[in-house]
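Novice: Submitted below is the structure of interest, expressed as structure tokens.
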Amino acid sequence: MLMAMALPHHLSAQKDLQISKVFDLYGKKKGVTMVELSGEMLGDYNLSLFKSIVINNDPTAGDFIRKCLDKDQEGAKKVKQVISSGNLSTIILQLPHKGRLNRLILYNATSSGYKLTLVYLESHDDVDDILNLLLKKK
Amino acid sequence: MDKIMQLFSNHKIISTKEADALLEKYYEGFTSAEEERQLYLVLLQPDLPERYQADRAMMGYFAGEKQAGKPKKNRTIIPMIRWASVAAALIGGIFLVRSLIEEKPQCYAYVDGVKVTDVATVKAEAMQSISEIASDPDEVAQAAKQFKAEEIVKDQLSVFSGN
């Protein structure tokens, strides 16, 4: 309990998810790009945490991510899901709130499965605002 | 004639002569702890003769002084202070840990296992990963719109569910 109190929300909130294992396992591998931004670095986006990982040419990673997403989907709201040729192509999940934080998982796999992208976001803003804001800033 | 005096502790009866002897011994400083206790009980009795009132006052004074001389064990304040200090230390520790972690905004990327800390590069990588998901901006905008619509429908239907 004390640890939970001591840790800031963004650190404890993501660790309860299966996808945190994806960042831990693949983050520092070759062919992978992992990004973490938090605090004032995200001031323009009203996000409190942004984590992303792009994995190239690793089919086992795709299976692993999908298994993690299956578990993290429990209790989450599916904002969007695209299945292409029987495979999960895109999914956007709104996770149960953690305190006052809105949490989102975004996942995309290219049709060939060559490139996998997983993003985890935390924000005090509404889900639709987060998604729209990210698009506007592009 | 000697008056009979009663010791309340064990219902012993002593004469005034014995009481006087005990008092004399007491003032000379030769009484044992048990004799002092007996004398104290004698002088405590309610119908004590007038001539012993001064002795009772004296005995009471010394008894009180003895009590005062003993170091008082503060059974309530010390534990409270102890617990308050533990609580203060814990709360201080929690805030320290939080501030140490929170005050360090994270900004890094690992590209092929190599750590990058340049803010511009990290932000560019972040935007690149978002663009992978939102390959078609309208697609995500559509999702956001759909999400909002679902929320509105849910809110409106909740009126009928009685919640």
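Each chain in the structure tokens gets a letter, A, B, ..., in the order shown, and its residues are numbered from 1; ligands are numbered from 1 in order too.
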Considering only strand (DSSP E) as DSSP defines it on the backbone, what residues of chain A qualify? List them as a compact mmCIF listing (two decimals) with all heavy atoms, in the first residue's frame.
Specialist:
```txt
# COMPACT_ATOMS: atom_id res chain seq x y z
N VAL A 32 13.87 -2.52 -33.04
CA VAL A 32 12.76 -2.01 -32.22
C VAL A 32 13.03 -0.55 -31.84
O VAL A 32 14.17 -0.18 -31.55
CB VAL A 32 12.61 -2.86 -30.92
CG1 VAL A 32 11.56 -2.26 -30.00
CG2 VAL A 32 12.26 -4.30 -31.26
N THR A 33 11.97 0.25 -31.85
CA THR A 33 12.07 1.62 -31.36
C THR A 33 11.07 1.79 -30.23
O THR A 33 9.87 1.56 -30.42
CB THR A 33 11.75 2.64 -32.48
OG1 THR A 33 12.68 2.44 -33.55
CG2 THR A 33 11.88 4.07 -31.98
N MET A 34 11.58 2.13 -29.07
CA MET A 34 10.69 2.35 -27.92
C MET A 34 10.84 3.80 -27.46
O MET A 34 11.96 4.32 -27.40
CB MET A 34 11.06 1.39 -26.77
CG MET A 34 10.21 1.61 -25.53
SD MET A 34 10.51 0.37 -24.24
CE MET A 34 12.09 0.87 -23.62
N VAL A 35 9.71 4.41 -27.13
CA VAL A 35 9.73 5.81 -26.70
C VAL A 35 8.97 5.95 -25.39
O VAL A 35 7.93 5.32 -25.20
CB VAL A 35 9.07 6.72 -27.78
CG1 VAL A 35 8.98 8.16 -27.31
CG2 VAL A 35 9.82 6.65 -29.09
N GLU A 36 9.51 6.76 -24.51
CA GLU A 36 8.74 7.11 -23.30
C GLU A 36 8.85 8.60 -23.07
O GLU A 36 9.94 9.16 -23.02
CB GLU A 36 9.23 6.34 -22.07
CG GLU A 36 8.43 6.75 -20.83
CD GLU A 36 8.64 5.87 -19.62
OE1 GLU A 36 9.25 4.79 -19.75
OE2 GLU A 36 8.18 6.29 -18.54
N LEU A 37 7.70 9.24 -22.93
CA LEU A 37 7.64 10.67 -22.64
C LEU A 37 6.66 10.89 -21.51
O LEU A 37 5.59 10.28 -21.49
CB LEU A 37 7.14 11.44 -23.87
CG LEU A 37 8.10 11.64 -25.05
CD1 LEU A 37 7.32 11.95 -26.30
CD2 LEU A 37 9.08 12.76 -24.75
N SER A 38 7.03 11.75 -20.58
CA SER A 38 6.09 12.04 -19.49
C SER A 38 6.32 13.44 -18.97
O SER A 38 7.33 14.07 -19.28
CB SER A 38 6.24 11.02 -18.36
OG SER A 38 7.47 11.20 -17.72
N LEU A 47 -1.15 15.13 -22.15
CA LEU A 47 -0.95 13.73 -21.76
C LEU A 47 -0.04 13.71 -20.55
O LEU A 47 0.78 14.61 -20.37
CB LEU A 47 -0.28 12.94 -22.89
CG LEU A 47 -1.01 12.83 -24.22
CD1 LEU A 47 -0.12 12.16 -25.25
CD2 LEU A 47 -2.29 12.02 -24.06
N SER A 48 -0.20 12.70 -19.71
CA SER A 48 0.74 12.59 -18.60
C SER A 48 1.77 11.50 -18.87
O SER A 48 2.84 11.52 -18.28
CB SER A 48 0.00 12.34 -17.29
OG SER A 48 -0.93 11.31 -17.43
N LEU A 49 1.43 10.57 -19.74
CA LEU A 49 2.41 9.54 -20.12
C LEU A 49 2.16 9.07 -21.54
O LEU A 49 1.02 8.85 -21.94
CB LEU A 49 2.32 8.34 -19.14
CG LEU A 49 3.25 7.16 -19.44
CD1 LEU A 49 4.71 7.52 -19.26
CD2 LEU A 49 2.93 5.98 -18.53
N PHE A 50 3.23 8.93 -22.26
CA PHE A 50 3.17 8.39 -23.62
C PHE A 50 4.25 7.33 -23.73
O PHE A 50 5.43 7.59 -23.49
CB PHE A 50 3.42 9.50 -24.65
CG PHE A 50 3.48 9.01 -26.07
CD1 PHE A 50 2.37 9.09 -26.90
CD2 PHE A 50 4.65 8.46 -26.61
CE1 PHE A 50 2.42 8.62 -28.22
CE2 PHE A 50 4.71 8.00 -27.92
CZ PHE A 50 3.58 8.08 -28.72
N LYS A 51 3.85 6.12 -24.07
CA LYS A 51 4.84 5.06 -24.30
C LYS A 51 4.49 4.38 -25.62
O LYS A 51 3.33 4.07 -25.86
CB LYS A 51 4.79 4.00 -23.18
CG LYS A 51 5.58 4.40 -21.95
CD LYS A 51 5.80 3.24 -21.01
CE LYS A 51 7.10 2.54 -21.32
NZ LYS A 51 7.53 1.62 -20.25
N SER A 52 5.50 4.19 -26.41
CA SER A 52 5.22 3.50 -27.68
C SER A 52 6.36 2.55 -28.00
O SER A 52 7.49 2.73 -27.53
CB SER A 52 5.05 4.51 -28.81
OG SER A 52 6.28 5.09 -29.14
N ILE A 53 6.01 1.54 -28.77
CA ILE A 53 7.03 0.60 -29.24
C ILE A 53 6.68 0.19 -30.67
O ILE A 53 5.50 -0.10 -30.96
CB ILE A 53 7.14 -0.61 -28.27
CG1 ILE A 53 8.36 -1.48 -28.64
CG2 ILE A 53 5.89 -1.44 -28.22
CD1 ILE A 53 8.76 -2.45 -27.52
N VAL A 54 7.67 0.26 -31.53
CA VAL A 54 7.48 -0.18 -32.91
C VAL A 54 8.44 -1.35 -33.15
O VAL A 54 9.66 -1.19 -32.97
CB VAL A 54 7.76 0.97 -33.91
CG1 VAL A 54 7.56 0.49 -35.35
CG2 VAL A 54 6.84 2.15 -33.63
N ILE A 55 7.88 -2.49 -33.46
CA ILE A 55 8.70 -3.70 -33.64
C ILE A 55 8.65 -4.11 -35.11
O ILE A 55 7.56 -4.26 -35.68
CB ILE A 55 8.17 -4.85 -32.74
CG1 ILE A 55 8.17 -4.39 -31.27
CG2 ILE A 55 9.03 -6.10 -32.91
CD1 ILE A 55 7.48 -5.35 -30.31
N ASN A 56 9.82 -4.29 -35.67
CA ASN A 56 9.91 -4.68 -37.08
C ASN A 56 10.31 -6.15 -37.22
O ASN A 56 11.23 -6.61 -36.53
CB ASN A 56 10.96 -3.81 -37.79
CG ASN A 56 10.49 -2.38 -37.92
OD1 ASN A 56 9.46 -2.09 -38.50
ND2 ASN A 56 11.25 -1.48 -37.32
N LYS A 77 -12.86 -0.94 -22.60
CA LYS A 77 -13.85 -0.63 -23.63
C LYS A 77 -13.15 -0.57 -24.99
O LYS A 77 -12.13 0.10 -25.14
CB LYS A 77 -14.49 0.72 -23.31
CG LYS A 77 -15.58 1.11 -24.25
CD LYS A 77 -16.10 2.49 -23.87
CE LYS A 77 -17.14 2.94 -24.86
NZ LYS A 77 -18.33 2.12 -24.90
N LYS A 78 -13.71 -1.31 -25.94
CA LYS A 78 -13.13 -1.32 -27.27
C LYS A 78 -13.63 -0.10 -28.04
O LYS A 78 -14.80 -0.01 -28.39
CB LYS A 78 -13.57 -2.59 -28.01
CG LYS A 78 -12.42 -3.44 -28.46
CD LYS A 78 -12.91 -4.68 -29.15
CE LYS A 78 -12.77 -5.90 -28.27
NZ LYS A 78 -13.28 -7.12 -28.91
N VAL A 79 -12.78 0.86 -28.27
CA VAL A 79 -13.17 2.05 -29.02
C VAL A 79 -13.19 1.72 -30.51
O VAL A 79 -14.03 2.20 -31.25
CB VAL A 79 -12.18 3.21 -28.73
CG1 VAL A 79 -12.55 4.45 -29.53
CG2 VAL A 79 -12.16 3.54 -27.25
N LYS A 80 -12.26 0.90 -30.91
CA LYS A 80 -12.17 0.54 -32.34
C LYS A 80 -11.44 -0.79 -32.47
O LYS A 80 -10.51 -1.07 -31.72
CB LYS A 80 -11.39 1.64 -33.06
CG LYS A 80 -11.14 1.38 -34.53
CD LYS A 80 -10.18 2.45 -35.07
CE LYS A 80 -9.73 2.12 -36.47
NZ LYS A 80 -10.77 2.25 -37.47
N GLN A 81 -11.89 -1.59 -33.44
CA GLN A 81 -11.17 -2.83 -33.74
C GLN A 81 -11.30 -3.14 -35.22
O GLN A 81 -12.39 -3.08 -35.77
CB GLN A 81 -11.72 -3.98 -32.91
CG GLN A 81 -10.98 -5.30 -33.20
CD GLN A 81 -11.41 -6.42 -32.27
OE1 GLN A 81 -10.83 -6.62 -31.22
NE2 GLN A 81 -12.46 -7.13 -32.65
N VAL A 82 -10.19 -3.44 -35.82
CA VAL A 82 -10.20 -3.82 -37.24
C VAL A 82 -9.53 -5.18 -37.37
O VAL A 82 -8.41 -5.37 -36.89
CB VAL A 82 -9.44 -2.78 -38.11
CG1 VAL A 82 -9.43 -3.21 -39.58
CG2 VAL A 82 -10.05 -1.40 -37.97
N ILE A 83 -10.27 -6.11 -37.97
CA ILE A 83 -9.70 -7.44 -38.24
C ILE A 83 -9.50 -7.52 -39.75
O ILE A 83 -10.44 -7.28 -40.52
CB ILE A 83 -10.65 -8.57 -37.78
CG1 ILE A 83 -11.06 -8.39 -36.32
CG2 ILE A 83 -10.03 -9.94 -38.04
CD1 ILE A 83 -10.11 -8.89 -35.29
N SER A 84 -8.30 -7.85 -40.14
CA SER A 84 -8.02 -7.94 -41.57
C SER A 84 -7.51 -9.34 -41.89
O SER A 84 -6.52 -9.79 -41.30
CB SER A 84 -6.97 -6.88 -41.92
OG SER A 84 -6.63 -6.97 -43.27
N ASN A 87 -6.87 -11.56 -39.05
CA ASN A 87 -5.86 -11.13 -38.06
C ASN A 87 -6.20 -9.75 -37.51
O ASN A 87 -6.71 -8.90 -38.24
CB ASN A 87 -4.47 -11.07 -38.70
CG ASN A 87 -3.98 -12.45 -39.09
OD1 ASN A 87 -4.14 -13.42 -38.34
ND2 ASN A 87 -3.42 -12.56 -40.28
N LEU A 88 -5.86 -9.56 -36.25
CA LEU A 88 -6.10 -8.24 -35.64
C LEU A 88 -5.17 -7.23 -36.28
O LEU A 88 -3.95 -7.37 -36.25
CB LEU A 88 -5.82 -8.32 -34.12
CG LEU A 88 -6.01 -7.02 -33.34
CD1 LEU A 88 -7.46 -6.59 -33.32
CD2 LEU A 88 -5.50 -7.19 -31.91
N SER A 89 -5.79 -6.22 -36.86
CA SER A 89 -5.00 -5.21 -37.55
C SER A 89 -4.85 -3.95 -36.69
O SER A 89 -3.75 -3.43 -36.52
CB SER A 89 -5.69 -4.88 -38.87
OG SER A 89 -5.22 -3.69 -39.38
N THR A 90 -5.97 -3.50 -36.15
CA THR A 90 -5.95 -2.29 -35.32
C THR A 90 -6.89 -2.48 -34.13
O THR A 90 -7.98 -3.04 -34.28
CB THR A 90 -6.42 -1.05 -36.13
OG1 THR A 90 -5.58 -0.91 -37.27
CG2 THR A 90 -6.37 0.22 -35.30
N ILE A 91 -6.47 -2.00 -32.99
CA ILE A 91 -7.38 -1.97 -31.85
C ILE A 91 -7.07 -0.75 -31.00
O ILE A 91 -5.90 -0.38 -30.83
CB ILE A 91 -7.31 -3.29 -31.02
CG1 ILE A 91 -8.47 -3.36 -30.02
CG2 ILE A 91 -5.99 -3.44 -30.28
CD1 ILE A 91 -8.74 -4.72 -29.44
N ILE A 92 -8.13 -0.11 -30.54
CA ILE A 92 -7.98 1.00 -29.60
C ILE A 92 -8.81 0.64 -28.37
O ILE A 92 -10.02 0.42 -28.48
CB ILE A 92 -8.45 2.35 -30.19
CG1 ILE A 92 -7.62 2.69 -31.44
CG2 ILE A 92 -8.31 3.47 -29.17
CD1 ILE A 92 -8.07 3.95 -32.18
N LEU A 93 -8.16 0.56 -27.23
CA LEU A 93 -8.85 0.16 -26.00
C LEU A 93 -8.84 1.30 -24.99
O LEU A 93 -7.80 1.93 -24.77
CB LEU A 93 -8.14 -1.03 -25.35
CG LEU A 93 -8.13 -2.35 -26.10
CD1 LEU A 93 -7.24 -3.35 -25.37
CD2 LEU A 93 -9.54 -2.92 -26.20
N GLN A 94 -10.00 1.53 -24.40
CA GLN A 94 -10.04 2.47 -23.28
C GLN A 94 -10.07 1.63 -22.01
O GLN A 94 -11.03 0.88 -21.76
CB GLN A 94 -11.27 3.37 -23.34
CG GLN A 94 -11.21 4.45 -22.26
CD GLN A 94 -12.54 5.11 -21.96
OE1 GLN A 94 -13.56 4.72 -22.52
NE2 GLN A 94 -12.52 6.10 -21.10
N LEU A 95 -9.04 1.75 -21.22
CA LEU A 95 -8.92 0.93 -20.00
C LEU A 95 -9.71 1.57 -18.86
O LEU A 95 -10.00 2.77 -18.90
CB LEU A 95 -7.45 0.82 -19.61
CG LEU A 95 -6.56 0.17 -20.67
CD1 LEU A 95 -5.10 0.45 -20.38
CD2 LEU A 95 -6.80 -1.34 -20.71
N PRO A 96 -10.03 0.77 -17.86
CA PRO A 96 -10.70 1.37 -16.69
C PRO A 96 -9.84 2.49 -16.11
O PRO A 96 -8.62 2.40 -16.12
CB PRO A 96 -10.80 0.20 -15.71
CG PRO A 96 -10.66 -1.03 -16.52
CD PRO A 96 -9.80 -0.66 -17.68
N HIS A 97 -10.52 3.51 -15.59
CA HIS A 97 -9.78 4.67 -15.06
C HIS A 97 -8.86 4.24 -13.93
O HIS A 97 -9.16 3.32 -13.18
CB HIS A 97 -10.77 5.70 -14.49
CG HIS A 97 -11.56 6.37 -15.55
ND1 HIS A 97 -11.80 7.72 -15.55
CD2 HIS A 97 -12.18 5.88 -16.66
CE1 HIS A 97 -12.53 8.03 -16.61
NE2 HIS A 97 -12.77 6.93 -17.28
N LYS A 98 -7.77 4.93 -13.84
CA LYS A 98 -6.86 4.74 -12.70
C LYS A 98 -6.83 6.08 -11.99
O LYS A 98 -6.18 7.01 -12.44
CB LYS A 98 -5.48 4.34 -13.22
CG LYS A 98 -4.61 3.73 -12.17
CD LYS A 98 -4.82 2.24 -12.11
CE LYS A 98 -3.95 1.62 -11.04
NZ LYS A 98 -4.15 0.18 -10.93
N LEU A 101 -7.19 9.28 -14.09
CA LEU A 101 -6.51 9.12 -15.38
C LEU A 101 -7.30 8.30 -16.37
O LEU A 101 -7.81 7.23 -16.04
CB LEU A 101 -5.16 8.43 -15.17
CG LEU A 101 -3.99 9.26 -14.64
CD1 LEU A 101 -2.78 8.36 -14.43
CD2 LEU A 101 -3.64 10.38 -15.61
N ASN A 102 -7.39 8.80 -17.58
CA ASN A 102 -7.89 8.01 -18.71
C ASN A 102 -6.71 7.28 -19.31
O ASN A 102 -5.65 7.88 -19.50
CB ASN A 102 -8.52 8.94 -19.76
CG ASN A 102 -10.00 9.08 -19.55
OD1 ASN A 102 -10.69 8.09 -19.33
ND2 ASN A 102 -10.48 10.31 -19.57
N ARG A 103 -6.90 6.01 -19.60
CA ARG A 103 -5.78 5.23 -20.14
C ARG A 103 -6.20 4.57 -21.45
O ARG A 103 -7.30 4.01 -21.55
CB ARG A 103 -5.35 4.16 -19.14
CG ARG A 103 -4.99 4.75 -17.77
CD ARG A 103 -4.47 3.70 -16.83
NE ARG A 103 -5.45 2.68 -16.55
CZ ARG A 103 -5.15 1.46 -16.10
NH1 ARG A 103 -3.90 1.12 -15.91
NH2 ARG A 103 -6.10 0.59 -15.85
N LEU A 104 -5.35 4.66 -22.40
CA LEU A 104 -5.64 4.10 -23.73
C LEU A 104 -4.51 3.20 -24.22
O LEU A 104 -3.34 3.50 -23.99
CB LEU A 104 -5.78 5.25 -24.74
CG LEU A 104 -7.09 6.00 -24.83
CD1 LEU A 104 -6.93 7.15 -25.81
CD2 LEU A 104 -8.21 5.09 -25.32
N ILE A 105 -4.91 2.15 -24.90
CA ILE A 105 -3.93 1.32 -25.61
C ILE A 105 -4.29 1.39 -27.09
O ILE A 105 -5.45 1.21 -27.47
CB ILE A 105 -3.97 -0.15 -25.15
CG1 ILE A 105 -3.54 -0.28 -23.68
CG2 ILE A 105 -3.07 -1.01 -26.03
CD1 ILE A 105 -3.69 -1.70 -23.13
N LEU A 106 -3.31 1.66 -27.92
CA LEU A 106 -3.52 1.66 -29.37
C LEU A 106 -2.55 0.64 -29.98
O LEU A 106 -1.36 0.63 -29.62
CB LEU A 106 -3.23 3.05 -29.96
CG LEU A 106 -4.11 4.21 -29.46
CD1 LEU A 106 -3.51 4.90 -28.26
CD2 LEU A 106 -4.29 5.25 -30.56
N TYR A 107 -3.08 -0.17 -30.85
CA TYR A 107 -2.22 -1.19 -31.48
C TYR A 107 -2.52 -1.25 -32.96
O TYR A 107 -3.68 -1.15 -33.39
CB TYR A 107 -2.48 -2.55 -30.83
CG TYR A 107 -1.85 -3.71 -31.58
CD1 TYR A 107 -0.48 -3.95 -31.50
CD2 TYR A 107 -2.62 -4.56 -32.35
CE1 TYR A 107 0.09 -5.02 -32.18
CE2 TYR A 107 -2.06 -5.62 -33.04
CZ TYR A 107 -0.70 -5.85 -32.96
OH TYR A 107 -0.12 -6.89 -33.63
N ASN A 108 -1.46 -1.42 -33.72
CA ASN A 108 -1.63 -1.58 -35.16
C ASN A 108 -0.57 -2.56 -35.69
O ASN A 108 0.58 -2.51 -35.29
CB ASN A 108 -1.48 -0.23 -35.88
CG ASN A 108 -1.60 -0.38 -37.38
OD1 ASN A 108 -0.60 -0.46 -38.08
ND2 ASN A 108 -2.82 -0.46 -37.87
N ALA A 109 -1.03 -3.43 -36.57
CA ALA A 109 -0.10 -4.32 -37.27
C ALA A 109 -0.30 -4.11 -38.76
O ALA A 109 -1.45 -4.07 -39.23
CB ALA A 109 -0.38 -5.77 -36.88
N LYS A 115 5.41 -4.83 -39.46
CA LYS A 115 5.59 -3.75 -38.48
C LYS A 115 4.45 -3.73 -37.47
O LYS A 115 3.28 -3.67 -37.85
CB LYS A 115 5.65 -2.40 -39.22
CG LYS A 115 6.05 -1.25 -38.32
CD LYS A 115 6.14 0.05 -39.09
CE LYS A 115 7.54 0.32 -39.56
NZ LYS A 115 7.69 1.64 -40.19
N LEU A 116 4.84 -3.80 -36.20
CA LEU A 116 3.84 -3.79 -35.13
C LEU A 116 4.03 -2.52 -34.30
O LEU A 116 5.18 -2.20 -33.94
CB LEU A 116 4.04 -4.99 -34.20
CG LEU A 116 4.16 -6.36 -34.86
CD1 LEU A 116 4.72 -7.37 -33.88
CD2 LEU A 116 2.79 -6.80 -35.36
N THR A 117 2.95 -1.84 -34.02
CA THR A 117 3.04 -0.60 -33.24
C THR A 117 2.10 -0.69 -32.05
O THR A 117 0.91 -1.00 -32.22
CB THR A 117 2.68 0.64 -34.09
OG1 THR A 117 3.47 0.61 -35.28
CG2 THR A 117 2.92 1.92 -33.34
N LEU A 118 2.64 -0.42 -30.90
CA LEU A 118 1.83 -0.45 -29.68
C LEU A 118 2.06 0.86 -28.93
O LEU A 118 3.21 1.26 -28.72
CB LEU A 118 2.27 -1.64 -28.80
CG LEU A 118 1.55 -1.84 -27.48
CD1 LEU A 118 0.11 -2.27 -27.69
CD2 LEU A 118 2.28 -2.90 -26.65
N VAL A 119 0.97 1.51 -28.55
CA VAL A 119 1.08 2.80 -27.85
C VAL A 119 0.24 2.73 -26.58
O VAL A 119 -0.87 2.20 -26.59
CB VAL A 119 0.60 3.97 -28.75
CG1 VAL A 119 0.67 5.30 -27.99
CG2 VAL A 119 1.43 4.06 -30.02
N TYR A 120 0.79 3.27 -25.52
CA TYR A 120 0.04 3.36 -24.26
C TYR A 120 0.02 4.83 -23.85
O TYR A 120 1.06 5.50 -23.83
CB TYR A 120 0.72 2.52 -23.19
CG TYR A 120 0.10 2.69 -21.81
CD1 TYR A 120 -1.10 2.08 -21.48
CD2 TYR A 120 0.71 3.50 -20.84
CE1 TYR A 120 -1.68 2.25 -20.24
CE2 TYR A 120 0.14 3.67 -19.59
CZ TYR A 120 -1.04 3.05 -19.30
OH TYR A 120 -1.62 3.21 -18.06
N LEU A 121 -1.18 5.34 -23.53
CA LEU A 121 -1.33 6.76 -23.20
C LEU A 121 -2.06 6.94 -21.87
O LEU A 121 -2.97 6.17 -21.56
CB LEU A 121 -2.18 7.48 -24.25
CG LEU A 121 -1.75 7.49 -25.71
CD1 LEU A 121 -2.88 8.05 -26.55
CD2 LEU A 121 -0.51 8.35 -25.86
N GLU A 122 -1.68 7.96 -21.16
CA GLU A 122 -2.43 8.35 -19.96
C GLU A 122 -2.70 9.84 -20.03
O GLU A 122 -1.80 10.60 -20.39
CB GLU A 122 -1.63 8.04 -18.70
CG GLU A 122 -1.57 6.57 -18.38
CD GLU A 122 -0.76 6.27 -17.13
OE1 GLU A 122 -0.28 7.22 -16.47
OE2 GLU A 122 -0.61 5.09 -16.82
N SER A 123 -3.93 10.21 -19.68
CA SER A 123 -4.27 11.63 -19.73
C SER A 123 -5.46 11.90 -18.82
O SER A 123 -6.24 11.00 -18.51
CB SER A 123 -4.64 12.02 -21.16
OG SER A 123 -5.12 13.34 -21.21
```
Novice: If you run DSSP on the backbone here, which positions in stretch 12-133 of chain B get helix (DSSP H, G or I)? Please write them as a VMD selection string.
Specialist: chain B and resid 16 to 28 33 to 44 50 to 69 77 to 102 119 to 133
Novice: Just C-alpha atoms for this one: save the residues we selected as a tab-separated table (two decimals), in the first residue's frame.
Specialist:
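Resulting contents of part-v2.tsv:
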```
chain	number	residue	atom	x	y	z
B	16	THR	CA	-1.46	4.30	71.01
B	17	LYS	CA	1.72	3.46	72.89
B	18	GLU	CA	2.80	1.17	70.09
B	19	ALA	CA	1.79	3.81	67.58
B	20	ASP	CA	3.85	6.41	69.45
B	21	ALA	CA	6.83	4.07	69.49
B	22	LEU	CA	6.45	3.50	65.78
B	23	LEU	CA	6.25	7.22	65.15
B	24	GLU	CA	9.34	7.88	67.22
B	25	LYS	CA	11.20	5.21	65.31
B	26	TYR	CA	9.96	6.78	62.09
B	27	TYR	CA	11.19	10.27	63.00
B	28	GLU	CA	14.55	8.82	63.99
B	33	ALA	CA	9.40	-0.19	54.74
B	34	GLU	CA	6.79	-2.50	56.24
B	35	GLU	CA	6.66	-0.45	59.49
B	36	GLU	CA	6.27	2.73	57.46
B	37	ARG	CA	3.43	1.16	55.57
B	38	GLN	CA	1.74	0.15	58.86
B	39	LEU	CA	2.19	3.62	60.28
B	40	TYR	CA	0.77	5.16	57.15
B	41	LEU	CA	-2.33	2.95	57.49
B	42	VAL	CA	-2.74	3.86	61.14
B	43	LEU	CA	-2.60	7.55	60.37
B	44	LEU	CA	-5.07	7.16	57.53
B	50	GLU	CA	-6.34	14.99	67.31
B	51	ARG	CA	-2.77	14.57	68.60
B	52	TYR	CA	-1.85	12.51	65.50
B	53	GLN	CA	-3.13	15.03	62.96
B	54	ALA	CA	0.26	16.72	62.66
B	55	ASP	CA	1.91	13.32	62.15
B	56	ARG	CA	-0.63	12.45	59.49
B	57	ALA	CA	0.07	15.74	57.72
B	58	MET	CA	3.80	15.11	57.90
B	59	MET	CA	3.47	11.52	56.72
B	60	GLY	CA	1.16	12.59	53.92
B	61	TYR	CA	3.63	15.24	52.86
B	62	PHE	CA	6.52	12.81	52.72
B	63	ALA	CA	4.43	10.18	51.02
B	64	GLY	CA	3.46	12.77	48.42
B	65	GLU	CA	7.05	13.88	48.04
B	66	LYS	CA	8.15	10.29	47.53
B	67	GLN	CA	5.58	9.91	44.81
B	68	ALA	CA	6.69	13.17	43.24
B	69	GLY	CA	10.32	12.13	43.46
B	77	ILE	CA	2.30	10.97	25.61
B	78	ILE	CA	5.52	9.07	24.80
B	79	PRO	CA	3.84	6.41	22.61
B	80	MET	CA	1.87	9.13	20.88
B	81	ILE	CA	5.03	11.08	20.16
B	82	ARG	CA	6.74	7.90	19.02
B	83	TRP	CA	3.92	6.98	16.64
B	84	ALA	CA	3.61	10.54	15.43
B	85	SER	CA	7.32	10.59	14.58
B	86	VAL	CA	7.04	7.25	12.76
B	87	ALA	CA	4.02	8.52	10.82
B	88	ALA	CA	5.77	11.80	10.02
B	89	ALA	CA	8.86	9.93	8.82
B	90	LEU	CA	6.73	7.65	6.63
B	91	ILE	CA	4.76	10.51	5.12
B	92	GLY	CA	7.98	12.44	4.57
B	93	GLY	CA	9.49	9.38	2.91
B	94	ILE	CA	6.49	8.94	0.63
B	95	PHE	CA	6.59	12.57	-0.46
B	96	LEU	CA	10.33	12.39	-0.98
B	97	VAL	CA	10.05	9.28	-3.17
B	98	ARG	CA	7.16	10.83	-5.11
B	99	SER	CA	8.99	14.08	-5.65
B	100	LEU	CA	12.19	12.27	-6.69
B	101	ILE	CA	10.29	10.25	-9.27
B	102	GLU	CA	7.77	12.84	-10.38
B	119	VAL	CA	14.16	15.76	-27.01
B	120	ALA	CA	13.52	16.57	-30.66
B	121	THR	CA	14.50	13.06	-31.80
B	122	VAL	CA	12.42	11.39	-29.08
B	123	LYS	CA	9.37	13.49	-29.96
B	124	ALA	CA	9.85	12.72	-33.64
B	125	GLU	CA	9.97	9.00	-32.86
B	126	ALA	CA	6.81	9.35	-30.75
B	127	MET	CA	4.98	11.07	-33.60
B	128	GLN	CA	6.22	8.45	-36.02
B	129	SER	CA	4.75	5.65	-33.87
B	130	ILE	CA	1.41	7.49	-33.66
B	131	SER	CA	1.35	7.96	-37.40
B	132	GLU	CA	1.77	4.19	-37.79
B	133	ILE	CA	-1.52	3.71	-35.98
```
Novice: Could you name the residues that touch A:Leu17 at 10 Å or less, counting only C-alpha atoms, but leaving out those on the same chain fewer than 6 positions away, as a PyMOL selection string?
Specialist: chain A and resi 68-69+71-73+95
Novice: Of the candidates A:Tyr26, A:Leu131, A:Gly43, A:Ala76, which shows the shortest atom-to-atom distance to A:Ala61, using only C-alpha atoms?
Specialist: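 The shortest atom-to-atom distance to A:Ala61 comes from A:Tyr26.
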Novice: Rounded to one decimal, what separation in Å do you get between atom CA of A:Tyr114 and atom CA of A:Leu25?
Specialist: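 Calculated distance between atom CA of A:Tyr114 and atom CA of A:Leu25 is 18.1 Å.
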Novice: Just how far from atom CA of A:Asn132 is atom CA of A:Leu42, in Å to one decimal?
Specialist: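 Pair atom CA of A:Leu42 / atom CA of A:Asn132 returns 15.4 Å.
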Novice: Using only C-alpha atoms, which of A:Asp126, A:Glu74, A:Glu40, A:Asp58 sits nearest chain B?
Specialist: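 Using only C-alpha atoms, chain B sits closest to A:Glu40.
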Novice: A:Phe64, A:Ile19, A:Gly75, A:Met41: which is nearest chain B, counting only C-alpha atoms?
Specialist: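 Checking each candidate against chain B, we get A:Met41 as the closest.
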Novice: Which of these residues is nearest to chain B, using only C-alpha atoms: A:His124, A:Asp129, A:Pro59, A:Gly39?
Specialist: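 Closest to chain B, using only C-alpha atoms: A:Gly39.
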Novice: Using atom CA of B:Asp112 and atom CA of A:Lys28 as the two end points, give the distance in Å to one decimal.
Specialist: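 For atom CA of B:Asp112 relative to atom CA of A:Lys28, the distance reads 6.5 Å.
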Novice: For a quick check of understanding, using only C-alpha atoms, which of A:Gly86, A:Lys30, A:Thr60, A:Asp125 has the smallest distance to chain B?
Specialist: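 Selected residue with least distance to chain B: A:Lys30.
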